[in-house]
Every structure is written in structure tokens, then in C-alpha cells.
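Listing of final26.txt; format and content: compact mmCIF, C-alpha atoms.
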# COMPACT_ATOMS: atom_id res chain seq x y z
CA MET A 8 103.75 72.20 198.28
CA LYS A 9 102.41 70.90 201.59
CA VAL A 10 102.37 67.24 202.67
CA SER A 11 100.56 65.73 205.64
CA LEU A 12 102.31 63.40 208.09
CA GLN A 13 98.99 61.61 208.45
CA SER A 14 99.67 60.10 205.03
CA GLU A 15 100.53 56.43 204.57
CA LEU A 16 103.75 57.63 202.95
CA PHE A 17 105.36 58.39 206.29
CA SER A 18 107.20 55.94 208.48
CA GLN A 19 106.21 55.15 212.05
CA ASN A 20 108.61 57.86 213.27
CA GLN A 21 105.81 60.35 212.58
CA ALA A 22 104.14 59.41 215.87
CA SER A 23 106.70 61.29 217.92
CA SER A 24 106.85 64.25 215.57
CA ALA A 25 106.32 67.76 216.91
CA PHE A 26 104.48 68.69 213.70
CA HIS A 27 101.96 67.09 211.36
CA PHE A 28 102.78 68.73 208.01
CA ILE A 29 105.87 69.60 205.92
CA CYS A 30 105.91 72.37 203.33
CA ASP A 31 108.38 74.37 201.25
CA ASP A 32 106.17 77.46 200.83
CA SER A 33 106.38 80.26 203.44
CA ARG A 34 102.81 81.32 202.57
CA GLU A 35 101.32 78.09 203.97
CA ASP A 36 99.60 77.94 207.38
CA PRO A 37 102.43 77.39 209.91
CA LYS A 38 100.25 75.57 212.43
CA ASP A 39 101.67 72.08 213.11
CA CYS A 40 103.85 72.52 210.01
CA ALA A 41 107.62 72.29 209.48
CA PHE A 42 109.29 74.45 206.86
CA LEU A 43 111.61 72.53 204.53
CA CYS A 44 114.77 74.53 203.84
CA THR A 45 115.98 73.76 200.32
CA GLN A 46 118.22 75.75 198.02
CA SER A 47 115.09 77.23 196.43
CA SER A 48 113.03 77.83 199.58
CA SER A 49 115.82 79.14 201.84
CA LYS A 50 115.44 82.63 200.39
CA TYR A 51 112.01 82.72 202.06
CA LEU A 52 113.30 81.58 205.45
CA LYS A 53 112.88 85.04 206.98
CA GLN A 54 109.28 85.27 205.77
CA ALA A 55 108.60 81.78 207.15
CA LYS A 56 109.83 82.82 210.58
CA GLU A 57 107.81 86.03 210.46
CA ARG A 58 104.71 84.07 209.48
CA GLY A 59 105.09 81.90 212.58
CA PHE A 60 106.85 78.71 211.53
CA LEU A 61 108.57 77.11 214.54
CA HIS A 62 110.03 73.95 212.98
CA PHE A 63 112.67 73.94 210.25
CA ILE A 64 114.11 70.84 208.59
CA THR A 65 116.55 70.00 205.78
CA PRO A 66 116.21 67.45 202.95
CA LYS A 67 118.39 65.01 204.89
CA ASP A 68 115.86 65.15 207.75
CA LEU A 69 113.13 63.82 205.45
CA LYS A 70 114.56 60.32 205.73
CA GLN A 71 113.38 60.32 209.36
CA TYR A 72 109.79 60.52 208.16
CA TRP A 73 109.76 58.68 204.83
CA ASP A 74 110.81 55.17 203.92
CA LEU A 75 112.97 55.75 200.83
CA ASN A 76 114.60 52.33 200.83
CA LEU A 77 114.31 51.44 197.13
CA LYS A 78 116.66 51.62 194.14
CA ILE A 79 116.59 55.08 192.49
CA ILE A 80 117.77 55.39 188.88
CA GLY A 81 118.52 58.96 187.70
CA ILE A 82 118.86 59.81 184.00
CA THR A 83 120.23 63.08 182.65
CA GLY A 84 121.19 64.31 179.18
CA THR A 85 120.05 66.80 176.58
CA ASN A 86 118.01 64.27 174.62
CA GLY A 87 116.70 60.80 175.34
CA LYS A 88 115.86 61.13 179.06
CA THR A 89 112.15 60.45 178.67
CA THR A 90 112.48 57.52 176.28
CA THR A 91 115.36 55.90 178.20
CA ALA A 92 113.46 56.23 181.49
CA ALA A 93 110.34 54.72 179.90
CA MET A 94 112.39 51.85 178.45
CA ILE A 95 113.92 50.99 181.83
CA TYR A 96 110.48 51.22 183.44
CA SER A 97 109.04 48.91 180.77
CA ILE A 98 111.83 46.32 181.03
CA LEU A 99 111.64 46.12 184.83
CA ILE A 100 107.85 45.79 184.86
CA ASP A 101 107.99 43.05 182.20
CA MET A 102 110.58 41.22 184.30
CA GLY A 103 108.26 41.21 187.29
CA TYR A 104 109.46 44.18 189.35
CA LYS A 105 107.23 46.91 190.79
CA VAL A 106 108.42 50.31 189.55
CA GLY A 107 107.69 54.03 189.89
CA LEU A 108 108.49 56.51 187.11
CA LEU A 109 108.81 60.31 187.44
CA GLY A 110 109.57 62.68 184.59
CA THR A 111 108.28 64.89 181.81
CA ARG A 112 105.15 62.77 181.31
CA GLY A 113 104.20 62.77 185.00
CA PHE A 114 104.37 60.27 187.87
CA PHE A 115 103.46 56.62 187.30
CA ILE A 116 103.38 53.45 189.41
CA GLN A 117 102.96 50.13 187.60
CA GLU A 118 101.58 51.79 184.44
CA LYS A 119 99.00 53.81 186.40
CA GLN A 120 99.37 57.60 186.24
CA ILE A 121 99.44 59.06 189.76
CA ARG A 122 100.19 62.71 188.96
CA PRO A 123 99.89 64.68 185.68
CA LYS A 124 102.85 65.87 183.64
CA GLY A 125 104.74 68.92 184.88
CA LEU A 126 108.40 69.83 185.23
CA THR A 127 110.91 67.23 184.06
CA THR A 128 112.23 67.18 187.62
CA PRO A 129 109.74 68.72 190.09
CA CYS A 130 110.51 70.37 193.43
CA LEU A 131 112.44 68.40 196.03
CA LEU A 132 109.47 67.84 198.32
CA GLU A 133 107.39 66.50 195.44
CA ILE A 134 110.20 64.13 194.42
CA TYR A 135 110.61 62.78 197.94
CA SER A 136 106.86 62.29 198.37
CA ALA A 137 106.67 60.47 195.02
CA ILE A 138 109.50 58.12 196.00
CA ALA A 139 107.85 57.48 199.36
CA GLN A 140 104.52 56.78 197.68
CA ALA A 141 106.18 54.32 195.29
CA LYS A 142 107.82 52.56 198.24
CA ALA A 143 104.53 52.48 200.17
CA GLN A 144 102.95 50.70 197.20
CA GLY A 145 105.65 48.06 197.14
CA CYS A 146 107.94 49.40 194.43
CA GLU A 147 111.49 48.08 194.30
CA TYR A 148 112.66 50.66 191.76
CA PHE A 149 112.12 54.36 191.12
CA VAL A 150 113.17 55.72 187.71
CA MET A 151 113.44 59.50 187.30
CA GLU A 152 114.58 62.09 184.79
CA VAL A 153 117.07 64.65 186.12
CA SER A 154 117.14 68.02 184.35
CA SER A 155 120.05 70.46 184.29
CA HIS A 156 117.89 72.97 186.20
CA ALA A 157 117.33 70.39 188.94
CA ILE A 158 121.06 69.77 189.27
CA VAL A 159 121.87 73.49 189.59
CA GLN A 160 118.98 74.13 191.99
CA ASN A 161 119.84 71.05 194.04
CA ARG A 162 116.36 69.58 193.70
CA ILE A 163 117.86 66.09 194.12
CA GLU A 164 119.67 66.90 197.38
CA GLY A 165 120.00 63.96 199.76
CA LEU A 166 118.81 61.30 197.31
CA ASP A 167 120.81 58.07 197.23
CA PHE A 168 120.95 56.91 193.63
CA ALA A 169 121.52 53.25 192.84
CA LEU A 170 122.56 54.25 189.31
CA LYS A 171 123.13 57.48 187.36
CA ILE A 172 122.89 57.50 183.55
CA LEU A 173 124.12 59.98 180.93
CA THR A 174 122.47 59.92 177.49
CA ASN A 175 124.28 62.82 175.75
CA ILE A 176 125.27 66.48 176.12
CA THR A 177 124.53 69.07 173.44
CA GLY A 178 123.39 72.70 173.66
CA ASP A 179 120.10 73.55 175.38
CA HIS A 180 118.71 75.93 178.01
CA LEU A 181 121.46 78.48 177.37
CA ASP A 182 118.98 81.18 178.37
CA TYR A 183 119.42 79.78 181.89
CA HIS A 184 122.99 78.42 181.88
CA LYS A 185 124.35 81.33 179.77
CA THR A 186 127.15 79.36 178.08
CA LEU A 187 127.55 75.89 176.62
CA GLU A 188 130.54 75.36 178.91
CA ASN A 189 128.36 76.01 181.96
CA TYR A 190 125.71 73.62 180.67
CA ILE A 191 128.26 70.86 180.03
CA ALA A 192 129.77 71.38 183.49
CA VAL A 193 126.32 71.10 185.12
CA LYS A 194 125.51 67.83 183.38
CA ASN A 195 128.89 66.35 184.32
CA ALA A 196 128.50 67.51 187.93
CA PHE A 197 125.82 64.85 188.35
CA PHE A 198 128.54 62.20 187.92
CA ALA A 199 131.27 63.77 190.06
CA ASP A 200 131.03 61.34 192.97
CA SER A 201 133.00 58.10 192.88
CA GLN A 202 130.70 56.01 195.10
CA THR A 203 127.55 55.85 192.95
CA LYS A 204 127.29 53.43 190.04
CA LYS A 205 127.31 55.24 186.70
CA LEU A 206 126.43 54.34 183.10
CA ILE A 207 127.88 56.74 180.53
CA ASN A 208 127.47 57.12 176.77
CA LYS A 209 131.03 56.39 175.59
CA ASP A 210 130.37 58.15 172.27
CA GLU A 211 129.59 61.49 173.98
CA PRO A 212 132.72 63.69 173.69
CA ASN A 213 131.46 66.18 176.29
CA ALA A 214 131.15 63.54 179.00
CA HIS A 215 133.64 63.86 181.88
CA TYR A 216 133.39 61.44 184.78
CA THR A 217 135.33 59.45 187.36
CA LEU A 218 136.23 55.90 186.35
CA ASN A 219 135.28 54.47 189.75
CA ASN A 220 132.02 52.50 189.58
CA THR A 221 131.56 53.51 185.93
CA GLN A 222 130.40 51.37 183.03
CA THR A 223 129.79 52.58 179.49
CA TYR A 224 127.69 51.90 176.41
CA GLY A 225 128.37 52.87 172.83
CA ILE A 226 128.10 52.22 169.13
CA GLU A 227 131.18 53.91 167.67
CA ASN A 228 133.67 53.39 170.52
CA PRO A 229 134.60 50.32 172.58
CA ALA A 230 132.41 50.19 175.68
CA THR A 231 131.17 47.85 178.38
CA LEU A 232 127.95 47.36 176.41
CA ASN A 233 128.71 47.38 172.69
CA VAL A 234 126.97 47.01 169.34
CA LYS A 235 128.64 44.50 167.03
CA ALA A 236 126.31 45.14 164.06
CA TYR A 237 123.04 46.98 163.49
CA SER A 238 120.49 48.03 160.88
CA LEU A 239 118.09 50.98 161.01
CA THR A 240 116.30 50.38 157.70
CA HIS A 241 113.10 48.83 159.06
CA GLY A 242 112.99 49.65 162.74
CA ILE A 243 116.07 48.68 164.78
CA THR A 244 117.87 45.36 164.64
CA ALA A 245 121.20 44.92 166.41
CA GLN A 246 123.64 42.38 167.77
CA ILE A 247 124.90 43.58 171.14
CA ASN A 248 127.44 42.27 173.61
CA TYR A 249 128.27 42.76 177.30
CA GLY A 250 131.53 41.05 178.19
CA LYS A 251 131.17 37.50 176.89
CA GLU A 252 127.39 37.71 176.63
CA GLU A 253 125.68 38.40 173.31
CA ALA A 254 122.06 39.14 172.47
CA HIS A 255 119.88 40.05 169.50
CA LEU A 256 117.75 43.20 169.67
CA ASP A 257 114.71 43.81 167.47
CA LEU A 258 112.70 47.00 168.07
CA GLU A 259 109.84 48.65 166.19
CA LEU A 260 111.44 52.06 166.70
CA PHE A 261 113.23 54.45 164.36
CA GLY A 262 116.65 56.03 164.48
CA LYS A 263 120.17 55.52 165.73
CA TYR A 264 119.42 57.68 168.77
CA ASN A 265 116.79 55.15 169.86
CA LEU A 266 119.44 52.46 169.62
CA TYR A 267 121.49 54.55 172.06
CA ASN A 268 118.44 54.85 174.33
CA ALA A 269 117.94 51.09 174.16
CA LEU A 270 121.58 50.43 175.08
CA ALA A 271 121.30 52.75 178.09
CA ALA A 272 118.14 50.98 179.26
CA ILE A 273 119.51 47.47 178.77
CA GLY A 274 122.80 48.44 180.40
CA ALA A 275 121.00 49.90 183.42
CA VAL A 276 119.01 46.74 184.10
CA LYS A 277 122.08 44.57 183.49
CA ILE A 278 124.15 46.54 186.02
CA LEU A 279 121.48 46.48 188.70
CA GLU A 280 120.04 43.00 188.29
CA GLU A 281 122.68 40.85 186.54
CA LYS A 282 119.99 39.08 184.53
CA PRO A 283 121.03 37.37 181.25
CA LEU A 284 121.55 39.95 178.50
CA CYS A 285 119.27 38.09 176.10
CA GLU A 286 116.45 38.14 178.69
CA ILE A 287 116.75 41.91 179.17
CA ALA A 288 116.88 42.58 175.41
CA LYS A 289 113.84 40.36 174.87
CA ALA A 290 111.88 42.26 177.52
CA LEU A 291 112.62 45.56 175.75
CA GLU A 292 111.09 44.24 172.53
CA ASN A 293 107.68 44.68 174.18
CA PHE A 294 108.27 48.44 174.48
CA GLY A 295 105.89 50.31 172.19
CA GLY A 296 107.44 53.77 172.40
CA VAL A 297 106.50 57.00 174.17
CA LYS A 298 103.68 59.27 173.05
CA GLY A 299 105.13 62.36 171.39
CA ARG A 300 108.55 60.74 170.91
CA MET A 301 108.86 59.50 167.33
CA GLN A 302 105.12 58.87 167.47
CA ILE A 303 103.65 57.52 164.23
CA VAL A 304 100.35 59.35 163.72
CA SER A 305 99.78 58.02 160.19
CA THR A 306 101.46 55.31 158.14
CA LYS A 307 99.99 56.19 154.73
CA PRO A 308 101.13 58.88 154.35
CA LEU A 309 103.90 58.50 156.94
CA ILE A 310 103.55 61.32 159.49
CA ILE A 311 105.51 61.43 162.73
CA VAL A 312 105.34 63.72 165.77
CA ASP A 313 108.37 64.25 167.98
CA PHE A 314 109.43 66.50 170.86
CA ALA A 315 112.78 67.42 169.22
CA HIS A 316 113.30 71.10 170.00
CA THR A 317 117.06 71.58 169.52
CA HIS A 318 119.14 71.35 166.34
CA ASP A 319 120.84 68.23 167.71
CA GLY A 320 117.53 66.56 168.50
CA MET A 321 116.19 67.47 165.06
CA GLU A 322 119.29 66.11 163.33
CA LYS A 323 118.87 62.76 165.07
CA ILE A 324 115.30 62.55 163.78
CA PHE A 325 116.27 63.54 160.23
CA GLN A 326 119.08 61.00 160.11
CA ALA A 327 116.56 58.23 160.71
CA PHE A 328 114.91 59.00 157.36
CA LEU A 329 117.76 59.77 154.98
CA HIS A 330 116.27 57.28 152.49
CA GLN A 331 113.10 59.38 152.13
CA ASP A 332 112.12 62.89 151.05
CA ILE A 333 111.59 64.85 154.27
CA VAL A 334 108.99 67.56 154.90
CA VAL A 335 109.14 69.26 158.29
CA VAL A 336 106.93 71.56 160.40
CA PHE A 337 108.58 73.21 163.40
CA GLY A 338 109.06 76.40 165.39
CA ALA A 339 110.95 77.47 168.51
CA GLY A 340 109.74 78.41 171.98
CA GLY A 341 109.54 82.04 173.02
CA ASP A 342 111.30 83.44 176.11
CA ARG A 343 113.87 80.64 175.79
CA ASP A 344 117.36 80.16 174.37
CA ARG A 345 117.47 82.30 171.20
CA THR A 346 120.86 81.01 170.07
CA LYS A 347 119.43 77.67 169.01
CA ARG A 348 116.88 79.15 166.56
CA PRO A 349 119.20 79.78 163.57
CA LYS A 350 120.87 76.40 164.24
CA MET A 351 117.47 74.72 164.00
CA GLY A 352 116.80 76.50 160.72
CA PHE A 353 120.12 75.41 159.24
CA CYS A 354 119.59 71.84 160.42
CA ALA A 355 116.13 71.65 158.83
CA ALA A 356 117.39 73.05 155.53
CA SER A 357 120.27 70.56 155.52
CA PHE A 358 117.88 67.59 155.50
CA ALA A 359 114.34 68.59 154.47
CA LYS A 360 113.18 69.46 150.96
CA ARG A 361 110.12 71.40 152.16
CA ILE A 362 110.12 73.40 155.38
CA TYR A 363 107.19 74.97 157.24
CA ILE A 364 108.46 77.42 159.86
CA THR A 365 105.69 78.16 162.35
CA SER A 366 104.93 78.90 166.01
CA ASP A 367 105.78 76.62 168.90
CA ASN A 368 104.97 78.22 172.28
CA PRO A 369 105.80 81.88 171.50
CA ARG A 370 104.85 83.00 175.01
CA SER A 371 105.49 86.77 175.31
CA GLU A 372 107.57 87.02 172.13
CA ASN A 373 106.33 88.02 168.68
CA PRO A 374 106.00 84.77 166.68
CA GLN A 375 107.14 86.53 163.52
CA THR A 376 110.40 87.54 165.20
CA ILE A 377 111.07 83.94 166.26
CA MET A 378 110.32 82.67 162.76
CA GLN A 379 112.66 85.20 161.19
CA GLU A 380 115.45 84.20 163.58
CA ILE A 381 114.98 80.57 162.51
CA LEU A 382 114.98 81.60 158.85
CA GLY A 383 118.13 83.65 159.43
CA GLY A 384 120.09 80.45 160.00
CA ILE A 385 119.40 79.20 156.48
CA PRO A 386 122.02 80.47 154.00
CA GLU A 387 120.94 81.71 150.58
CA THR A 388 122.54 78.72 148.87
CA LEU A 389 120.16 76.40 150.73
CA ARG A 390 117.15 78.69 150.42
CA GLU A 391 117.41 78.41 146.64
CA LYS A 392 117.25 74.61 146.86
CA ARG A 393 114.42 74.32 149.38
CA THR A 394 110.76 75.25 149.53
CA ILE A 395 110.36 77.34 152.69
CA ILE A 396 106.93 78.44 153.94
CA LEU A 397 106.48 80.79 156.90
CA GLU A 398 103.06 80.29 158.53
CA GLU A 399 102.53 81.71 162.01
CA ASN A 400 99.39 79.67 162.69
CA ARG A 401 100.63 76.19 163.62
CA SER A 402 97.30 74.58 162.77
CA TYR A 403 97.37 76.09 159.27
CA ALA A 404 101.00 75.05 158.81
CA ILE A 405 100.23 71.43 159.73
CA LYS A 406 97.16 71.38 157.50
CA ALA A 407 99.10 72.77 154.52
CA ALA A 408 101.94 70.29 155.05
CA VAL A 409 99.57 67.31 155.29
CA GLN A 410 97.52 68.28 152.25
CA SER A 411 100.59 68.83 150.04
CA LEU A 412 102.31 65.59 151.11
CA LYS A 413 103.30 63.25 148.26
CA ALA A 414 103.51 59.47 148.32
CA ASN A 415 107.31 59.33 148.55
CA GLU A 416 107.53 61.94 151.34
CA ILE A 417 107.55 61.72 155.12
CA LEU A 418 106.18 64.54 157.28
CA LEU A 419 107.88 65.31 160.59
CA VAL A 420 106.05 67.65 162.98
CA LEU A 421 108.61 68.63 165.59
CA GLY A 422 108.97 70.59 168.81
CA LYS A 423 105.87 69.93 170.92
CA GLY A 424 105.57 66.15 171.05
CA ASP A 425 102.69 65.14 173.31
CA GLU A 426 101.96 68.65 174.59
CA THR A 427 98.23 69.37 174.52
CA TYR A 428 98.48 73.14 174.71
CA GLN A 429 100.06 76.18 173.10
CA ILE A 430 101.17 79.28 175.02
CA LEU A 431 100.30 82.48 173.15
CA GLY A 432 101.10 85.62 175.12
CA ASP A 433 99.37 85.28 178.49
CA LYS A 434 96.90 82.69 177.18
CA THR A 435 97.19 78.91 177.07
CA ILE A 436 94.99 77.27 174.45
CA GLU A 437 94.27 73.61 173.72
CA PHE A 438 96.52 72.35 170.96
CA ASP A 439 97.72 68.86 170.07
CA ASP A 440 99.93 68.24 167.03
CA SER A 441 98.68 64.68 166.54
CA GLN A 442 95.03 65.78 166.67
CA GLU A 443 95.71 68.58 164.19
CA ILE A 444 97.28 66.04 161.85
CA LEU A 445 94.29 63.68 162.11
CA LYS A 446 91.88 66.56 161.41
CA ALA A 447 93.91 67.53 158.35
CA LEU A 448 93.86 63.92 157.11
CA GLU A 449 90.07 63.74 157.51
CA ASN A 450 89.69 66.80 155.31

File written out as C-alpha cells:
Amino acid sequence: MKVSLQSELFSQNQASSAFHFICDDSREDPKDCAFLCTQSSSKYLKQAKERGFLHFITPKDLKQYWDLNLKIIGITGTNGKTTTAAMIYSILIDMGYKVGLLGTRGFFIQEKQIRPKGLTTPCLLEIYSAIAQAKAQGCEYFVMEVSSHAIVQNRIEGLDFALKILTNITGDHLDYHKTLENYIAVKNAFFADSQTKKLINKDEPNAHYTLNNTQTYGIENPATLNVKAYSLTHGITAQINYGKEEAHLDLELFGKYNLYNALAAIGAVKILEEKPLCEIAKALENFGGVKGRMQIVSTKPLIIVDFAHTHDGMEKIFQAFLHQDIVVVFGAGGDRDRTKRPKMGFCAASFAKRIYITSDNPRSENPQTIMQEILGGIPETLREKRTIILEENRSYAIKAAVQSLKANEILLVLGKGDETYQILGDKTIEFDDSQEILKALEN
């Protein structure tokens, strides 16, 4: 990535700069350009020097050129990052603040999309430029998702967070982190400092953090922000309390996990703004959800699309519909953590009466191999009680599931959420679960 100092994003210090561009790619034109040395780009430092770069800066130096003086909220966790970030963004905007949002769905300022979706946490230079752009447009807050990869690769180096939030920690990305212990340690590393304010899910047993500047939220365990009573039958209704304050929460969302997300969002705004709890909860009631996250595509029959792509994420979805007969369509991504595939199969068979195992993004792997590894997690005792269909073509699987759906059943199409593509080998084709569902309903 290459950024120009001529941009409005840069502070007045640019006038005395010895260069006019900053980049983190040694292949860029070195003329009037400084090379940003990050953990990822430092391996190309020799090539940058050979190519002719004369100026070298670190992430901490960026503060000389950008005005980053706004409140940054960082959210990490296996599940819930996107929804929690969107909830905080929604609350703050409804309460009159100007806010930037960066994450899986892209970069937004005041509900306008500035950049398309990409990595959950992009490269360091892209993050800094996004924060600077938000500040230049008058934003007081910047809400961002922080992935485990970004923590390991130090893509958030030098950022001063006003608040760090933990949603949960379960197994994911073990193809990269190798062991669950490593993954847990990485997530907890984000909360190792004692100076930054932290908001932690008290019900997460894998959470380890310093008590300094830490507040908690929870449903099962006593926490700073607690739930006194709740119902998940028709959306979410809950009575919550923060110290001596109490508030009623009424959301048109499904699932206990979304109640956790709501608590994290409400707690974040409460910590940073000290507004009345009832005012914050009321603002969240305007939140309509995130596309691809428990997205209702059809009400009759009830069909929902969600991004859940781990056994833990799937279980949270299933638990929201225990009062209904569940039909599920899902697969698992290729060239990714293989250990989660049998766990996903077992989870699906534990809750769903009819299961369509299909492709997700198989990438370079054989889809049939992935499907068999998912099937391998379902013991014979469960196979005898379930209807299990293996259909490699995801479009066909969705069509078959929709057309066989009965009045008392709910269909969950999981794994891809709002993705509009499918990666097959070295090809990327257009593919949207919600559109496939609508086409199947039309027919």
C-alpha cells in the first residue's frame, strides 16, 4: 500500500517532510517515498534499500504525520466481533456521535462505505490511514475488529486504544496458530497491559487478563454489567443492571450469543461516555442486525443465513432455535484448519434433524475430501437418527433444502454469511447464499 502526504489525512507537519509518500511495499517507486518498517514488511528491508529507498520510518513515526486523536475501540474474540462492532457503531451514531467502523464488512464513516470488505484487520498502514480519514471527517470514535492474525503480526502496533473488548475464545485458525493453547494465548495477549480500559466477557473461561482498568459483562456469572432476567423466545428481552442502574432491553434479534454481543456494546458505550444505561439500551433497540449474521432471508418458511464457520459458532446458532425442527446446510473452507471439520459435523448432528453437507470455499482442496471429514465427526448412533445428504454443489444443496422444507422447520444456511463469492480451485465465482435461497423460493 502507498499513501500520499498530499492527502487531507495528514497533519500540517507534512510541510517539512523530506518525502511525499509512505508505503509498506518494497516494489513501489522509491522516489519521494518513505518505507514503513512493520513486522510484516521488515523482511523486505534489504530489497527496499537495494531498490533505492532513502527514508525509513516505524509505526510510531506515523503519529508525526497523521492526526489520530480520537477514541479507538478494539474488539477481539472468536465469534461476535462483527456484530458487537456494528452494535457499538449504531449506538454511538444514534446518540449523536460521528463514528468510523473498520472490520470484516469494510470501512465505514457515518453509515457510508468508504472501502470494500477485505481482511478483518487489514495491514497497519491501511488501518492508520483509515483512522486518520475518520478523524479528518470529524469522527470522535473509531470502532475496529482485531483478529488473532493481526495480534500476532503486530498490525495494531502503536495504536492507543480507548477500550479493548473480548467477546469469547474458542477454537479457530489452528492451521495458523497450530494449537488451541497458542490461540488462547494470542487472544489474551491483547489485554496484557494494565493501562488500557478493558471490557471482558466474565462467562468466558479462557479469558485471562489484568484486573487494572477492567470491567466485565456476563449472564451466568456476577459482572459489572449483568443480566437479571431474560427471554429468547421471540427476539431478545432482558432486564440488565450496571451498578445501581437498571434498564430494559428489547431487540429483534435471535440467540443468547446476541445478548452477549448486546451487553458488550452497551458496556462499551457506558464505560466511555457514562450516559444513562436506559438511554444506551434504548439506542441499541434501533439496531437492525448485520447482513450475513443471523440474517432472515425468508419468514415463511423461516430461512436464516449466518457466517458461523466453527462448531462453537454453529452451536450458538442452533441453541437459538431449540423449540423448532432444524434443517442445516453447511460446509467447511479448504486450506484452513482441518481439525474443526469433524467437530462441525458432530455439532450439526447433535441439533439438526436434516443435514446437507456441501462446499464452502474449497480452494485447492477436493470438496469431497472436506465433506467426508465433516461426515467423519458424526457417530453411527447419530447417523441412524438423522437424514444426511452430501451434495458438493452448494447451489443444489440450498435448492434441495429449500424445496423439502416443511412448515414446522427452520432452515439455517451457515458458513459464508454475506460473502458474494465462492473460491473453487484457482477460480473465484459469484455466489451469494441469500440470493440462492431467493431463487429456490421463486421456483

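In this structure, CA of Pro308 (chain A) sits 25.5 Å away from CA of Gln429 (chain A).
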
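For the set A:Leu279, A:Cys40, A:Thr65, A:Arg58, the residue with the smallest atom-to-atom gap to Ile80 (chain A) is A:Leu279, counting all atoms listed in the file.
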
| note | Counting all atoms listed in the file, closest pick from A:Leu419, A:Ile243, A:Val312, A:Leu131 relative to Asp440 (chain A) is A:Val312

| query | Contacts of region 363-370 of chain A at 9 Å or less, counting only C-alpha atoms, minus same-chain residues fewer than 5 places along, as a VMD selection string? | reply | chain A and resid 334 to 342 352 375 377 to 379 381 to 382 394 to 401 404 to 405 407 to 408 422 to 423 428 to 435

| message | List the spatial neighbours of Leu232 (chain A) as a PyMOL selection string - criterion: any atom at most 12 Å away, only C-alpha atoms, same-chain residues fewer than 6 positions off excluded. | response | chain A and resi 206-210+221-226+246-254+267+269-278+284

Give me a file of those residues, with C-alpha atoms, as a PDB file, in the frame of the given file.
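Everything below was put into part-v3.pdb:
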ATOM      1  CA  LEU A 206     126.430  54.340 183.100  1.00  0.00           C
ATOM      2  CA  ILE A 207     127.880  56.740 180.530  1.00  0.00           C
ATOM      3  CA  ASN A 208     127.470  57.120 176.770  1.00  0.00           C
ATOM      4  CA  LYS A 209     131.030  56.390 175.590  1.00  0.00           C
ATOM      5  CA  ASP A 210     130.370  58.150 172.270  1.00  0.00           C
ATOM      6  CA  THR A 221     131.560  53.510 185.930  1.00  0.00           C
ATOM      7  CA  GLN A 222     130.400  51.370 183.030  1.00  0.00           C
ATOM      8  CA  THR A 223     129.790  52.580 179.490  1.00  0.00           C
ATOM      9  CA  TYR A 224     127.690  51.900 176.410  1.00  0.00           C
ATOM     10  CA  GLY A 225     128.370  52.870 172.830  1.00  0.00           C
ATOM     11  CA  ILE A 226     128.100  52.220 169.130  1.00  0.00           C
ATOM     12  CA  GLN A 246     123.640  42.380 167.770  1.00  0.00           C
ATOM     13  CA  ILE A 247     124.900  43.580 171.140  1.00  0.00           C
ATOM     14  CA  ASN A 248     127.440  42.270 173.610  1.00  0.00           C
ATOM     15  CA  TYR A 249     128.270  42.760 177.300  1.00  0.00           C
ATOM     16  CA  GLY A 250     131.530  41.050 178.190  1.00  0.00           C
ATOM     17  CA  LYS A 251     131.170  37.500 176.890  1.00  0.00           C
ATOM     18  CA  GLU A 252     127.390  37.710 176.630  1.00  0.00           C
ATOM     19  CA  GLU A 253     125.680  38.400 173.310  1.00  0.00           C
ATOM     20  CA  ALA A 254     122.060  39.140 172.470  1.00  0.00           C
ATOM     21  CA  TYR A 267     121.490  54.550 172.060  1.00  0.00           C
ATOM     22  CA  ALA A 269     117.940  51.090 174.160  1.00  0.00           C
ATOM     23  CA  LEU A 270     121.580  50.430 175.080  1.00  0.00           C
ATOM     24  CA  ALA A 271     121.300  52.750 178.090  1.00  0.00           C
ATOM     25  CA  ALA A 272     118.140  50.980 179.260  1.00  0.00           C
ATOM     26  CA  ILE A 273     119.510  47.470 178.770  1.00  0.00           C
ATOM     27  CA  GLY A 274     122.800  48.440 180.400  1.00  0.00           C
ATOM     28  CA  ALA A 275     121.000  49.900 183.420  1.00  0.00           C
ATOM     29  CA  VAL A 276     119.010  46.740 184.100  1.00  0.00           C
ATOM     30  CA  LYS A 277     122.080  44.570 183.490  1.00  0.00           C
ATOM     31  CA  ILE A 278     124.150  46.540 186.020  1.00  0.00           C
ATOM     32  CA  LEU A 284     121.550  39.950 178.500  1.00  0.00           C
TER      33      LEU A 284
END

| task | Just give me the gap between CA of Met321 (chain A) and CA of Asp344 (chain A) in Å, one decimal is fine. | result |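 These two atoms are separated by 15.8 Å.
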
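Of note, CA of Ile82 (chain A) and CA of Leu173 (chain A) are spaced 6.1 Å apart.
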
| said: Give me, as a count of residues only, all polymer residues having an atom no more than 10 Å from region 144-146 of chain A, counting only C-alpha atoms and skipping those fewer than 2 positions away in the same chain. | reply: 18

| Spatial sel., origin (111.6, 72.2, 204.5), limit 9 Å, all atoms listed in the file, listed as a PyMOL selection string | chain A and resi 29-32+41-45+48-49+62-66+68-69+132

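Nearest to Gly296 (chain A) of all the residues A:Lys9, A:Glu211, A:His316, A:Met94 is A:Met94, counting all atoms listed in the file.
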
| message | Which residues are near Phe198 (chain A)? Cut-off 9 Å, all atoms listed in the file, ignore same chain within fewer than 6 positions. Put them as number ranges by chain. | response | A: 171-173, 205, 215-217

| field | Residue contacts of Asp319 (chain A) (8 Å, all atoms listed in the file) excluding same-chain residues fewer than 2 positions away, as a PyMOL selection string | value | chain A and resi 177-178+317+321-323

| said: Between A:Ser155, A:Arg361, A:Gly383, A:Asn293, which residue has the minimum interatomic distance to Leu99 (chain A), considering all atoms listed in the file? | reply: A:Asn293

| request: For each of A:Lys204, A:Phe197, A:Asn161, A:Asn86, take the minimum atom-to-atom distance to Thr174 (chain A), counting only C-alpha atoms, then give the residue where this is smallest. | output: A:Asn86

| request: Choose the residue, out of A:Lys67, A:Lys360, A:Lys263, A:Lys53, that has the smallest atom-to-atom separation from Gly87 (chain A); count only C-alpha atoms. | output: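 Of all the options, A:Lys263 lies closest to Gly87 (chain A).
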
Could you work out an axis-aligned box for region 199-206 of chain A, taking every atom the file lists and adding 5 Å on each side, and report centre and edge lengths in Å to one decimal, as lines of an AutoDock Vina configuration file?
center_x = 129.7
center_y = 58.6
center_z = 189.1
size_x = 16.6
size_y = 20.3
size_z = 22.0

| What residues have an atom no more than 9 Å from (100.9, 57.5, 153.7) in the file's own frame, counting all atoms listed in the file, and can you write them as a VMD selection string? | chain A and resid 305 to 310 412 to 417
